[in-house]
file my_file-v8.cif (mmCIF, C-alpha atoms)
data_target
#
loop_
_atom_site.label_atom_id
_atom_site.label_comp_id
_atom_site.auth_asym_id
_atom_site.auth_seq_id
_atom_site.Cartn_x
_atom_site.Cartn_y
_atom_site.Cartn_z
CA MET A 274 -1.21 -14.58 -7.32
CA GLN A 275 -0.34 -13.41 -3.86
CA SER A 276 -3.12 -14.00 -1.39
CA LYS A 277 -1.90 -11.27 0.99
CA PRO A 278 -4.76 -8.92 1.76
CA HIS A 279 -4.01 -5.45 0.41
CA HIS A 280 -5.85 -2.42 1.61
CA GLY A 281 -4.55 -0.45 -1.28
CA ARG A 282 -0.81 -0.32 -1.71
CA VAL A 283 0.92 2.06 -4.09
CA PRO A 284 3.16 -0.08 -6.33
CA GLY A 285 6.79 1.05 -6.37
CA GLU A 286 8.03 4.45 -5.21
CA ALA A 287 5.44 7.24 -5.07
CA GLY A 288 7.76 9.36 -7.25
CA ILE A 289 7.58 6.95 -10.17
CA TRP A 290 3.86 7.72 -10.51
CA ILE A 291 4.54 11.43 -10.89
CA LEU A 292 7.02 10.59 -13.64
CA ILE A 293 4.61 8.15 -15.35
CA PHE A 294 1.66 10.58 -15.19
CA GLY A 295 3.87 13.39 -16.48
CA GLU A 296 5.35 11.38 -19.33
CA MET A 297 2.02 9.94 -20.42
CA SER A 298 0.36 13.36 -20.31
CA PHE A 299 3.22 14.89 -22.32
CA PHE A 300 2.94 12.14 -24.96
CA SER A 301 -0.86 12.59 -24.99
CA SER A 302 -0.45 16.26 -25.94
CA LEU A 303 1.65 15.10 -28.91
CA PHE A 304 -1.05 12.54 -29.80
CA ALA A 305 -3.64 15.34 -29.75
CA ALA A 306 -1.39 17.51 -31.96
CA PHE A 307 -0.99 14.59 -34.38
CA LEU A 308 -4.76 14.19 -34.75
CA TYR A 309 -5.22 17.96 -35.00
CA TYR A 310 -2.80 18.25 -37.93
CA ARG A 311 -4.22 15.10 -39.49
CA GLY A 312 -7.64 16.78 -39.51
CA ARG A 313 -6.08 19.51 -41.67
CA ASP A 314 -4.57 17.13 -44.22
CA VAL A 315 -6.43 13.82 -44.15
CA THR A 316 -5.36 12.83 -47.67
CA GLY A 317 -1.68 13.64 -47.11
CA PHE A 318 -1.60 11.76 -43.81
CA GLY A 319 -3.30 8.76 -45.42
CA ALA A 320 -0.82 8.70 -48.31
CA SER A 321 2.15 8.87 -45.92
CA GLN A 322 0.68 6.23 -43.62
CA ALA A 323 0.33 3.88 -46.62
CA GLN A 324 4.16 3.93 -46.88
CA LEU A 325 4.45 2.09 -43.57
CA SER A 326 4.21 -1.65 -43.09
CA LYS A 327 1.42 -2.53 -40.67
CA ALA A 328 3.09 -5.92 -40.17
CA VAL A 329 6.25 -4.30 -38.78
CA GLY A 330 4.18 -2.22 -36.36
CA LEU A 331 2.19 -5.30 -35.36
CA VAL A 332 5.28 -7.41 -34.63
CA ASN A 333 6.78 -4.57 -32.59
CA THR A 334 3.55 -4.28 -30.60
CA LEU A 335 3.56 -8.03 -29.90
CA LEU A 336 7.22 -7.84 -28.83
CA LEU A 337 6.51 -5.10 -26.28
CA LEU A 338 3.35 -6.82 -24.97
CA THR A 339 5.36 -10.00 -24.49
CA SER A 340 8.18 -8.09 -22.80
CA SER A 341 5.61 -6.66 -20.38
CA LEU A 342 4.38 -10.17 -19.55
CA PHE A 343 7.97 -11.25 -18.83
CA VAL A 344 8.69 -8.16 -16.72
CA ALA A 345 5.45 -8.42 -14.70
CA SER A 346 6.24 -12.13 -14.08
CA ALA A 347 9.81 -11.15 -13.16
CA VAL A 348 8.65 -8.61 -10.57
CA ARG A 349 6.35 -11.25 -9.08
CA ALA A 350 9.24 -13.75 -9.05
CA THR A 351 11.37 -11.12 -7.28
CA VAL A 352 8.76 -10.76 -4.50
CA ARG A 353 8.82 -14.52 -4.06
CA MET A 354 12.63 -14.35 -3.90
CA ARG A 355 13.06 -16.71 -6.82
CA THR A 356 16.61 -15.60 -7.49
CA ILE A 357 17.12 -17.90 -10.47
CA ALA A 358 13.83 -17.39 -12.32
CA ALA A 359 13.58 -13.60 -11.79
CA PRO A 360 16.81 -12.56 -13.60
CA ARG A 361 15.97 -14.89 -16.49
CA LEU A 362 12.53 -13.33 -16.86
CA TYR A 363 14.01 -9.79 -16.90
CA LEU A 364 16.49 -10.92 -19.54
CA ALA A 365 13.65 -12.45 -21.61
CA GLY A 366 11.93 -9.04 -21.42
CA LEU A 367 15.21 -7.40 -22.48
CA ALA A 368 15.48 -9.78 -25.46
CA CYS A 369 12.03 -8.63 -26.64
CA ALA A 370 13.17 -5.01 -26.21
CA ALA A 371 16.25 -5.77 -28.35
CA GLY A 372 13.97 -7.26 -31.02
CA PHE A 373 11.87 -4.08 -30.95
CA ILE A 374 14.96 -1.86 -31.34
CA LEU A 375 16.30 -3.95 -34.26
CA LEU A 376 12.96 -3.94 -36.07
CA LYS A 377 12.57 -0.19 -35.53
CA ALA A 378 16.08 0.36 -36.94
CA PHE A 379 15.13 -1.80 -39.94
CA GLU A 380 11.95 0.23 -40.44
CA TYR A 381 13.89 3.54 -40.34
CA TYR A 382 16.48 2.12 -42.72
CA ALA A 383 13.83 0.93 -45.19
CA LEU A 384 12.18 4.38 -45.15
CA PHE A 385 15.48 6.25 -45.58
CA ALA A 386 16.35 3.92 -48.48
CA ARG A 387 13.20 5.13 -50.22
CA GLY A 388 14.15 8.73 -49.59
CA ILE A 389 11.59 9.23 -46.81
CA THR A 390 12.82 11.45 -43.97
CA VAL A 391 11.45 13.62 -41.19
CA ASP A 392 10.95 16.41 -43.77
CA SER A 393 8.95 14.32 -46.25
CA SER A 394 5.55 15.28 -44.83
CA THR A 395 3.86 16.50 -41.65
CA TYR A 396 2.88 12.88 -41.01
CA PHE A 397 6.50 11.73 -41.20
CA GLY A 398 7.53 14.63 -38.98
CA PHE A 399 5.21 13.16 -36.34
CA TYR A 400 6.19 9.59 -37.20
CA PHE A 401 9.91 10.18 -36.68
CA GLY A 402 9.38 12.53 -33.73
CA LEU A 403 7.07 10.20 -31.80
CA THR A 404 8.90 6.96 -32.59
CA ALA A 405 12.37 8.42 -31.88
CA LEU A 406 11.17 9.87 -28.56
CA HIS A 407 9.63 6.52 -27.71
CA LEU A 408 12.75 4.65 -28.84
CA GLY A 409 14.76 6.76 -26.40
CA HIS A 410 12.47 5.48 -23.64
CA VAL A 411 12.92 1.89 -24.88
CA LEU A 412 16.71 2.34 -24.61
CA ILE A 413 16.49 3.79 -21.08
CA GLY A 414 14.02 1.03 -20.15
CA SER A 415 16.40 -1.62 -21.51
CA GLY A 416 19.11 -0.28 -19.19
CA VAL A 417 16.60 -0.48 -16.32
CA LEU A 418 15.74 -4.11 -17.20
CA LEU A 419 19.43 -5.03 -17.23
CA ALA A 420 19.88 -3.41 -13.80
CA LEU A 421 16.82 -5.30 -12.50
CA ALA A 422 18.17 -8.61 -13.86
CA ILE A 423 21.37 -8.02 -11.87
CA ALA A 424 19.62 -6.75 -8.73
CA SER A 425 17.17 -9.68 -8.61
CA ARG A 426 20.01 -12.22 -8.35
CA THR A 427 20.43 -11.53 -4.64
CA PRO A 428 17.50 -12.19 -2.32
CA SER A 429 16.41 -9.24 -0.22
CA THR A 430 13.59 -8.51 2.17
CA GLU A 431 14.23 -4.78 2.11
CA THR A 432 11.02 -2.95 1.28
CA LYS A 433 12.89 0.04 -0.18
CA ARG A 434 14.83 -2.15 -2.55
CA PHE A 435 11.71 -3.96 -3.69
CA ALA A 436 9.94 -0.64 -4.28
CA LEU A 437 12.78 0.39 -6.59
CA ILE A 438 12.53 -2.88 -8.52
CA GLU A 439 8.77 -2.48 -8.84
CA SER A 440 9.22 1.12 -10.03
CA GLY A 441 11.57 -0.11 -12.76
CA GLY A 442 8.94 -2.63 -13.84
CA CYS A 443 6.26 0.08 -13.95
CA PHE A 444 8.52 2.31 -16.06
CA TRP A 445 8.82 -0.54 -18.55
CA HIS A 446 5.05 -1.06 -18.65
CA MET A 447 4.67 2.66 -19.40
CA VAL A 448 6.99 2.24 -22.40
CA ASP A 449 4.72 -0.60 -23.57
CA GLY A 450 1.53 1.42 -22.91
CA LEU A 451 2.79 4.44 -24.87
CA TRP A 452 3.63 2.25 -27.84
CA ILE A 453 0.11 0.75 -27.83
CA ILE A 454 -1.29 4.24 -28.50
CA ILE A 455 1.50 5.24 -30.93
CA PHE A 456 0.85 2.06 -32.94
CA ALA A 457 -2.89 2.81 -33.12
CA LEU A 458 -2.34 6.44 -34.17
CA LEU A 459 0.47 6.04 -36.70
CA TYR A 460 -0.49 2.71 -38.29
CA LEU A 461 -4.20 2.14 -37.74
CA VAL A 462 -6.04 5.48 -37.82
CA GLU A 463 -7.94 5.95 -41.06
CA MET B 235 0.06 -25.55 -19.30
CA ARG B 236 -3.15 -25.45 -17.27
CA GLY B 237 -1.22 -23.60 -14.60
CA LEU B 238 -0.23 -20.97 -17.15
CA LEU B 239 -3.82 -20.55 -18.25
CA ARG B 240 -4.80 -19.83 -14.67
CA ASP B 241 -2.15 -17.14 -14.34
CA ARG B 242 -3.72 -13.68 -14.47
CA LEU B 243 -0.62 -12.18 -16.10
CA VAL B 244 -0.79 -14.73 -18.93
CA ILE B 245 -4.56 -14.33 -19.39
CA VAL B 246 -4.13 -10.55 -19.66
CA TRP B 247 -1.36 -11.08 -22.23
CA LEU B 248 -3.63 -13.36 -24.31
CA LEU B 249 -6.37 -10.72 -24.25
CA LEU B 250 -3.88 -7.99 -25.20
CA VAL B 251 -2.64 -10.05 -28.17
CA ALA B 252 -6.20 -10.82 -29.29
CA ALA B 253 -7.15 -7.12 -29.06
CA THR B 254 -4.01 -6.18 -31.03
CA LEU B 255 -4.81 -8.64 -33.82
CA LEU B 256 -8.40 -7.41 -33.96
CA SER B 257 -7.49 -3.72 -34.19
CA THR B 258 -4.71 -4.39 -36.71
CA GLY B 259 -7.18 -6.35 -38.82
CA ILE B 260 -9.83 -3.64 -38.89
CA GLY B 261 -7.62 -0.51 -38.85
CA GLY B 262 -5.22 1.16 -41.28
CA ALA B 263 -5.21 1.51 -45.01
CA SER B 264 -5.84 -2.15 -45.76
CA GLY B 265 -8.59 -2.69 -43.21
CA LEU B 266 -12.34 -2.27 -43.22
CA ALA B 267 -11.79 1.48 -43.32
CA ARG B 268 -11.97 1.42 -47.11
CA SER B 269 -15.59 0.45 -46.84
CA GLY B 270 -16.31 4.09 -46.04
CA ARG B 271 -16.74 3.52 -42.35
CA GLY B 272 -13.29 4.87 -41.54
CA ALA B 273 -14.48 7.12 -38.70
CA VAL B 274 -16.27 4.32 -36.86
CA VAL B 275 -13.33 1.95 -37.37
CA THR B 276 -10.88 4.55 -36.04
CA ALA B 277 -13.04 5.31 -33.00
CA VAL B 278 -13.11 1.56 -32.26
CA VAL B 279 -9.35 1.25 -32.84
CA LEU B 280 -8.70 4.11 -30.38
CA ALA B 281 -11.08 2.61 -27.81
CA ILE B 282 -9.35 -0.79 -28.12
CA ALA B 283 -5.93 0.88 -27.69
CA PHE B 284 -7.03 2.62 -24.48
CA GLY B 285 -8.64 -0.59 -23.23
CA LYS B 286 -5.25 -2.26 -23.74
CA VAL B 287 -3.43 0.53 -21.91
CA ALA B 288 -5.94 0.19 -19.05
CA ALA B 289 -5.25 -3.57 -18.92
CA VAL B 290 -1.50 -2.88 -18.73
CA ILE B 291 -1.85 -0.20 -16.03
CA PHE B 292 -4.28 -2.12 -13.83
CA ASN B 293 -2.77 -5.60 -14.15
CA TYR B 294 0.91 -5.23 -15.01
CA MET B 295 1.56 -2.03 -13.06
CA ASP B 296 -0.65 -3.56 -10.34
CA ILE B 297 -2.86 -0.49 -9.97
CA ARG B 298 -5.78 -2.85 -9.36
CA ARG B 299 -4.38 -3.34 -5.85
CA ALA B 300 -3.55 0.33 -5.32
CA PRO B 301 -5.53 2.74 -3.10
CA ARG B 302 -8.88 3.71 -4.55
CA ALA B 303 -7.77 7.30 -5.27
CA LEU B 304 -5.01 6.10 -7.60
CA LYS B 305 -7.42 3.74 -9.39
CA ILE B 306 -9.91 6.58 -9.91
CA LEU B 307 -7.15 8.92 -11.07
CA TRP B 308 -5.94 6.45 -13.72
CA GLY B 309 -9.47 5.56 -14.81
CA ALA B 310 -10.32 9.25 -15.20
CA TRP B 311 -7.05 10.04 -16.99
CA LEU B 312 -7.64 7.26 -19.53
CA ALA B 313 -11.27 8.27 -20.10
CA VAL B 314 -10.40 11.97 -20.55
CA VAL B 315 -7.50 11.37 -22.95
CA LEU B 316 -9.52 8.88 -25.02
CA THR B 317 -12.46 11.30 -25.19
CA VAL B 318 -10.25 14.24 -26.20
CA LEU B 319 -8.41 12.25 -28.90
CA THR B 320 -11.61 10.73 -30.31
CA GLY B 321 -13.22 14.19 -30.20
CA ILE B 322 -10.36 15.78 -32.17
CA TYR B 323 -10.48 12.92 -34.66
CA ILE B 324 -14.24 13.03 -35.25
CA THR B 325 -14.77 16.78 -35.27
CA GLY B 326 -11.55 17.47 -37.18
CA LEU B 327 -10.98 20.29 -34.65
#

call {"tool": "encode", "arguments": {"input": "my_file-v8.cif", "output": "structure tokens"}}
result
Amino acid sequence: MQSKPHHGRVPGEAGIWILIFGEMSFFSSLFAAFLYYRGRDVTGFGASQAQLSKAVGLVNTLLLLTSSLFVASAVRATVRMRTIAAPRLYLAGLACAAGFILLKAFEYYALFARGITVDSSTYFGFYFGLTALHLGHVLIGSGVLLALAIASRTPSTETKRFALIESGGCFWHMVDGLWIIIFALLYLVE
Amino acid sequence: MRGLLRDRLVIVWLLLVAATLLSTGIGGASGLARSGRGAVVTAVVLAIAFGKVAAVIFNYMDIRRAPRALKILWGAWLAVVLTVLTGIYITGL
């Protein structure tokens, strides 16, 4: 923990917070729509949900939580100019992201193999819509993590540069946060 | 090891994992929901999920050290979205 006194400092670039608020609010409107349609077809949603493996969703959640721990530690290591530890921590976060992508691909494949597609039910329309949209963010975030791993190899005291790195970290945590809610809605709501 | 257990980021991660295991255990088709208390279980599952998101935003995004306005904004956003989602779920709106 840094012991520097902070009288309230906005992490990262101010602009990243507009993006994060916007994205999270947009996703929340989809979450509300999901629950609205579920209210109209509780049985159908339950039957579709039963086709998913909770274990796969759980492992993916643990992978993203762990990636967030690595990325938060990496940002902290970057502030402390630990140019060897920081890139490794970003790459560890990226490895978790890769695990998430592979498992998601496996989950899609297993569903397709059983003839389940986006048209199978309203639930699966939401399932594929929400998870594909989120997966797009995971892919963008993975690119960001790779860029951060490279950027953190050179020490820098530039505030602007650090703000960019911190913004990248916050974007990744948003990807994790969105998945936490998606996991609860798609796999755990009864 | 003791150093790790004194690291806020690691402690938050442990709590996040524990909360995930708890909500996965009680939620979904194979959880307690079958006991006929599905609505209560789901409300708890949603509350746990938003508690986890709050932990991520405040600790990992470092909003806990941000200006008060930003903390209030996030706290309010989380409370409103959780309330709306739980409301839609319970009332079947």

call {"tool": "resolve_selection", "arguments": {"input": "my_file-v8.cif", "expression": "the PyMOL selection byres ((chain A) within 9 of (chain B))", "output": "ChimeraX atom specification"}}
result
/A:274,279-284,294,298,301,304-305,308-313,319,322-323,327-328,331,334-335,338-339,341-342,344-346,439-440,442-444,446-447,449-451,453-454,456-463

call {"tool": "atom_distance", "arguments": {"input": "my_file-v8.cif", "atom1": "CA of Ala420 in chain A", "atom2": "CA of Gly295 in chain A"}}
result
23.4 Å

call {"tool": "residues_around", "arguments": {"input": "my_file-v8.cif", "residues": "Ile455 in chain A", "least_positions_apart": "6", "cutoff": "9 Å", "atoms": "all atoms listed in the file", "output": "JSON list (two decimals) with C-alpha atoms, in the coordinates of the input"}}
result
[["chain", "number", "residue", "atom", "x", "y", "z"],
["A", 304, "PHE", "CA", -1.05, 12.54, -29.80],
["A", 400, "TYR", "CA", 6.19, 9.59, -37.20],
["A", 403, "LEU", "CA", 7.07, 10.20, -31.80],
["A", 404, "THR", "CA", 8.90, 6.96, -32.59],
["A", 407, "HIS", "CA", 9.63, 6.52, -27.71]]

call {"tool": "atom_distance", "arguments": {"input": "my_file-v8.cif", "atom1": "CA of Ala436 in chain A", "atom2": "CA of Ala359 in chain A"}}
result
15.4 Å

call {"tool": "resolve_selection", "arguments": {"input": "my_file-v8.cif", "expression": "the PyMOL selection byres ((chain A and resi 381) around 12)", "output": "PDB file with C-alpha atoms, keeping the file's coordinate frame"}}
result
ATOM      1  CA  GLN A 324       4.160   3.930 -46.880  1.00  0.00           C
ATOM      2  CA  LEU A 325       4.450   2.090 -43.570  1.00  0.00           C
ATOM      3  CA  SER A 326       4.210  -1.650 -43.090  1.00  0.00           C
ATOM      4  CA  VAL A 329       6.250  -4.300 -38.780  1.00  0.00           C
ATOM      5  CA  GLY A 330       4.180  -2.220 -36.360  1.00  0.00           C
ATOM      6  CA  ILE A 374      14.960  -1.860 -31.340  1.00  0.00           C
ATOM      7  CA  LEU A 375      16.300  -3.950 -34.260  1.00  0.00           C
ATOM      8  CA  LEU A 376      12.960  -3.940 -36.070  1.00  0.00           C
ATOM      9  CA  LYS A 377      12.570  -0.190 -35.530  1.00  0.00           C
ATOM     10  CA  ALA A 378      16.080   0.360 -36.940  1.00  0.00           C
ATOM     11  CA  PHE A 379      15.130  -1.800 -39.940  1.00  0.00           C
ATOM     12  CA  GLU A 380      11.950   0.230 -40.440  1.00  0.00           C
ATOM     13  CA  TYR A 382      16.480   2.120 -42.720  1.00  0.00           C
ATOM     14  CA  ALA A 383      13.830   0.930 -45.190  1.00  0.00           C
ATOM     15  CA  LEU A 384      12.180   4.380 -45.150  1.00  0.00           C
ATOM     16  CA  PHE A 385      15.480   6.250 -45.580  1.00  0.00           C
ATOM     17  CA  ALA A 386      16.350   3.920 -48.480  1.00  0.00           C
ATOM     18  CA  ARG A 387      13.200   5.130 -50.220  1.00  0.00           C
ATOM     19  CA  GLY A 388      14.150   8.730 -49.590  1.00  0.00           C
ATOM     20  CA  ILE A 389      11.590   9.230 -46.810  1.00  0.00           C
ATOM     21  CA  THR A 390      12.820  11.450 -43.970  1.00  0.00           C
ATOM     22  CA  VAL A 391      11.450  13.620 -41.190  1.00  0.00           C
ATOM     23  CA  PHE A 397       6.500  11.730 -41.200  1.00  0.00           C
ATOM     24  CA  TYR A 400       6.190   9.590 -37.200  1.00  0.00           C
ATOM     25  CA  PHE A 401       9.910  10.180 -36.680  1.00  0.00           C
ATOM     26  CA  THR A 404       8.900   6.960 -32.590  1.00  0.00           C
ATOM     27  CA  ALA A 405      12.370   8.420 -31.880  1.00  0.00           C
ATOM     28  CA  LEU A 408      12.750   4.650 -28.840  1.00  0.00           C
TER      29      LEU A 408
END

call {"tool": "atom_distance", "arguments": {"input": "my_file-v8.cif", "atom1": "CA of Val315 in chain A", "atom2": "CA of Ser394 in chain A"}}
result
12.1 Å

call {"tool": "residues_around", "arguments": {"input": "my_file-v8.cif", "residues": "Val448 in chain A", "least_positions_apart": "6", "cutoff": "10 Å", "atoms": "all atoms listed in the file", "output": "NGL selection string"}}
result
:A and (293 or 296-297 or 337 or 341 or 407-414)

call {"tool": "resolve_selection", "arguments": {"input": "my_file-v8.cif", "expression": "the PyMOL selection byres ((chain A and resi 423-434) around 8)", "output": "PyMOL selection string"}}
result
chain A and resi 351+354-357+359-360+419-422+435-438

call {"tool": "build_atoms", "arguments": {"input": "my_file-v8.cif", "residues": "range 318-346 of chain A", "atoms": "N, CA and C atoms", "output": "CSV table (one decimal), in the frame of the given file"}}
result
chain,number,residue,atom,x,y,z
A,318,PHE,N,-2.0,12.7,-44.9
A,318,PHE,CA,-1.6,11.8,-43.8
A,318,PHE,C,-1.8,10.3,-44.2
A,319,GLY,N,-3.0,10.1,-45.0
A,319,GLY,CA,-3.3,8.8,-45.4
A,319,GLY,C,-2.3,8.2,-46.4
A,320,ALA,N,-1.8,9.1,-47.3
A,320,ALA,CA,-0.8,8.7,-48.3
A,320,ALA,C,0.5,8.4,-47.6
A,321,SER,N,0.9,9.2,-46.6
A,321,SER,CA,2.2,8.9,-45.9
A,321,SER,C,2.0,7.6,-45.1
A,322,GLN,N,0.9,7.4,-44.4
A,322,GLN,CA,0.7,6.2,-43.6
A,322,GLN,C,0.8,5.0,-44.5
A,323,ALA,N,0.3,5.0,-45.7
A,323,ALA,CA,0.3,3.9,-46.6
A,323,ALA,C,1.8,3.4,-46.9
A,324,GLN,N,2.8,4.3,-46.7
A,324,GLN,CA,4.2,3.9,-46.9
A,324,GLN,C,4.7,3.0,-45.8
A,325,LEU,N,4.0,2.9,-44.7
A,325,LEU,CA,4.4,2.1,-43.6
A,325,LEU,C,3.9,0.7,-43.7
A,326,SER,N,4.7,-0.3,-43.1
A,326,SER,CA,4.2,-1.6,-43.1
A,326,SER,C,3.5,-1.9,-41.8
A,327,LYS,N,2.2,-2.2,-41.9
A,327,LYS,CA,1.4,-2.5,-40.7
A,327,LYS,C,2.0,-3.7,-39.9
A,328,ALA,N,2.6,-4.7,-40.8
A,328,ALA,CA,3.1,-5.9,-40.2
A,328,ALA,C,4.2,-5.6,-39.2
A,329,VAL,N,5.1,-4.7,-39.6
A,329,VAL,CA,6.2,-4.3,-38.8
A,329,VAL,C,5.7,-3.7,-37.5
A,330,GLY,N,4.8,-2.8,-37.6
A,330,GLY,CA,4.2,-2.2,-36.4
A,330,GLY,C,3.5,-3.3,-35.5
A,331,LEU,N,2.9,-4.2,-36.1
A,331,LEU,CA,2.2,-5.3,-35.4
A,331,LEU,C,3.2,-6.1,-34.6
A,332,VAL,N,4.3,-6.6,-35.3
A,332,VAL,CA,5.3,-7.4,-34.6
A,332,VAL,C,5.9,-6.6,-33.5
A,333,ASN,N,6.2,-5.3,-33.7
A,333,ASN,CA,6.8,-4.6,-32.6
A,333,ASN,C,5.8,-4.5,-31.4
A,334,THR,N,4.5,-4.3,-31.7
A,334,THR,CA,3.6,-4.3,-30.6
A,334,THR,C,3.6,-5.6,-29.8
A,335,LEU,N,3.6,-6.7,-30.6
A,335,LEU,CA,3.6,-8.0,-29.9
A,335,LEU,C,4.8,-8.2,-29.1
A,336,LEU,N,6.0,-7.7,-29.6
A,336,LEU,CA,7.2,-7.8,-28.8
A,336,LEU,C,7.1,-7.1,-27.5
A,337,LEU,N,6.6,-5.9,-27.5
A,337,LEU,CA,6.5,-5.1,-26.3
A,337,LEU,C,5.5,-5.7,-25.3
A,338,LEU,N,4.4,-6.2,-25.8
A,338,LEU,CA,3.4,-6.8,-25.0
A,338,LEU,C,4.0,-8.0,-24.3
A,339,THR,N,4.7,-8.8,-25.0
A,339,THR,CA,5.4,-10.0,-24.5
A,339,THR,C,6.4,-9.6,-23.5
A,340,SER,N,7.2,-8.5,-23.8
A,340,SER,CA,8.2,-8.1,-22.8
A,340,SER,C,7.5,-7.7,-21.5
A,341,SER,N,6.3,-7.1,-21.6
A,341,SER,CA,5.6,-6.7,-20.4
A,341,SER,C,5.2,-7.9,-19.6
A,342,LEU,N,4.8,-8.9,-20.3
A,342,LEU,CA,4.4,-10.2,-19.6
A,342,LEU,C,5.6,-10.7,-18.8
A,343,PHE,N,6.8,-10.8,-19.5
A,343,PHE,CA,8.0,-11.2,-18.8
A,343,PHE,C,8.3,-10.4,-17.6
A,344,VAL,N,8.3,-9.1,-17.8
A,344,VAL,CA,8.7,-8.2,-16.7
A,344,VAL,C,7.7,-8.2,-15.5
A,345,ALA,N,6.4,-8.3,-15.8
A,345,ALA,CA,5.4,-8.4,-14.7
A,345,ALA,C,5.7,-9.7,-14.0
A,346,SER,N,6.0,-10.8,-14.7
A,346,SER,CA,6.2,-12.1,-14.1
A,346,SER,C,7.5,-12.1,-13.3
